[in-house]
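Here is the structure we will look at.
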Amino acid sequence: MRDKKWIHEGFITESLSNGMFRVRLDNEDLIIGYISGKIRRSFIRILPGDRVKIEVSGYDSTKGRIIYRLPHKDSKD
């Protein structure tokens, strides 16, 4: 049986080294997020201030994998 993973939305507050970021989740928790392979391979830029979807493991709730960068609400894409 695979381990349970939760998907949250959050806000990038700080950029750390090696593709890691400090993320404030919508429930006000601060966790460390790292970029998933698909985002890294597609050269998607993630900057402080971006909203992201993050996948958090059931074993360690202090770290998560950034799986999607949400579009800005003010953009006309």
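Chain lettering (A, B, ...) mirrors the order of the structure tokens, residue numbering begins at 1 for each chain separately, and ligand numbering begins at 1 in order of display.
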
### Message
Just want the 6 Å neighbourhood of stretch 38-54 of chain A, counted on only C-alpha atoms, with same-chain residues fewer than 4 positions away dropped. Output as a PyMOL selection string.
### Response
chain A and resi 7-14+65-70

### Task
Return as a PyMOL selection string the full set of residues in stretch 32-61 of chain A whose backbone-based DSSP assignment is alpha helix (DSSP H).
chain A and resi 37-41

Would you mind exporting the chosen residues as a tab-separated table (two decimals), in the first residue's frame, restricted to all heavy atoms?
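Written output follows (part_6.tsv):
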chain	number	residue	atom	x	y	z
A	37	GLY	N	10.45	17.02	-10.48
A	37	GLY	CA	11.25	16.81	-11.68
A	37	GLY	C	10.63	17.39	-12.93
A	37	GLY	O	11.34	17.91	-13.80
A	38	LYS	N	9.29	17.32	-13.06
A	38	LYS	CA	8.64	17.86	-14.25
A	38	LYS	C	8.79	19.38	-14.33
A	38	LYS	O	9.01	19.92	-15.41
A	38	LYS	CB	7.15	17.52	-14.23
A	38	LYS	CG	6.80	16.26	-14.93
A	38	LYS	CD	5.30	16.15	-15.03
A	38	LYS	CE	4.95	15.00	-15.92
A	38	LYS	NZ	3.52	14.79	-16.02
A	39	ILE	N	8.68	20.06	-13.20
A	39	ILE	CA	8.83	21.52	-13.20
A	39	ILE	C	10.27	21.88	-13.52
A	39	ILE	O	10.54	22.80	-14.29
A	39	ILE	CB	8.38	22.10	-11.85
A	39	ILE	CG1	6.88	21.94	-11.70
A	39	ILE	CG2	8.77	23.56	-11.73
A	39	ILE	CD1	6.32	22.45	-10.41
A	40	ARG	N	11.21	21.14	-12.95
A	40	ARG	CA	12.63	21.41	-13.22
A	40	ARG	C	12.96	21.14	-14.69
A	40	ARG	O	13.69	21.90	-15.32
A	40	ARG	CB	13.48	20.51	-12.32
A	40	ARG	CG	14.92	20.87	-12.27
A	40	ARG	CD	15.66	19.95	-11.34
A	40	ARG	NE	15.19	20.02	-9.98
A	40	ARG	CZ	15.84	20.64	-9.00
A	40	ARG	NH1	16.99	21.22	-9.25
A	40	ARG	NH2	15.36	20.66	-7.79
A	41	ARG	N	12.42	20.07	-15.25
A	41	ARG	CA	12.68	19.70	-16.64
A	41	ARG	C	12.06	20.69	-17.62
A	41	ARG	O	12.61	20.93	-18.69
A	41	ARG	CB	12.15	18.29	-16.89
A	41	ARG	CG	12.70	17.64	-18.09
A	41	ARG	CD	12.36	16.17	-18.18
A	41	ARG	NE	10.96	15.90	-17.92
A	41	ARG	CZ	10.51	15.03	-17.01
A	41	ARG	NH1	11.36	14.36	-16.28
A	41	ARG	NH2	9.24	14.83	-16.84

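Closest approach to A:Glu55 among A:Asp29, A:Ser36, A:Ser15, A:Arg24 is made by A:Ser36 (distances from only C-alpha atoms).
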
### Query
Nearest to A:Gly33: which of A:Trp6, A:Pro71, A:Val56, A:Phe21 is it, counting only C-alpha atoms?
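The shortest atom-to-atom distance to A:Gly33 comes from A:Phe21.
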
### Those in chain A with strand (DSSP E or B) from DSSP, as JSON, numbers by chain
{"A": [5, 6, 7, 8, 9, 10, 11, 12, 13, 14, 15, 20, 21, 22, 23, 24, 25, 30, 31, 32, 33, 34, 35, 51, 52, 53, 54, 55, 56, 57, 63, 64, 65, 66, 67, 68, 69]}

### Query
Out of A:His72, A:Gly58, A:Lys4, A:Ile35, which residue has the shortest atom-to-atom distance to A:Val23 when counting only C-alpha atoms?
A:Ile35
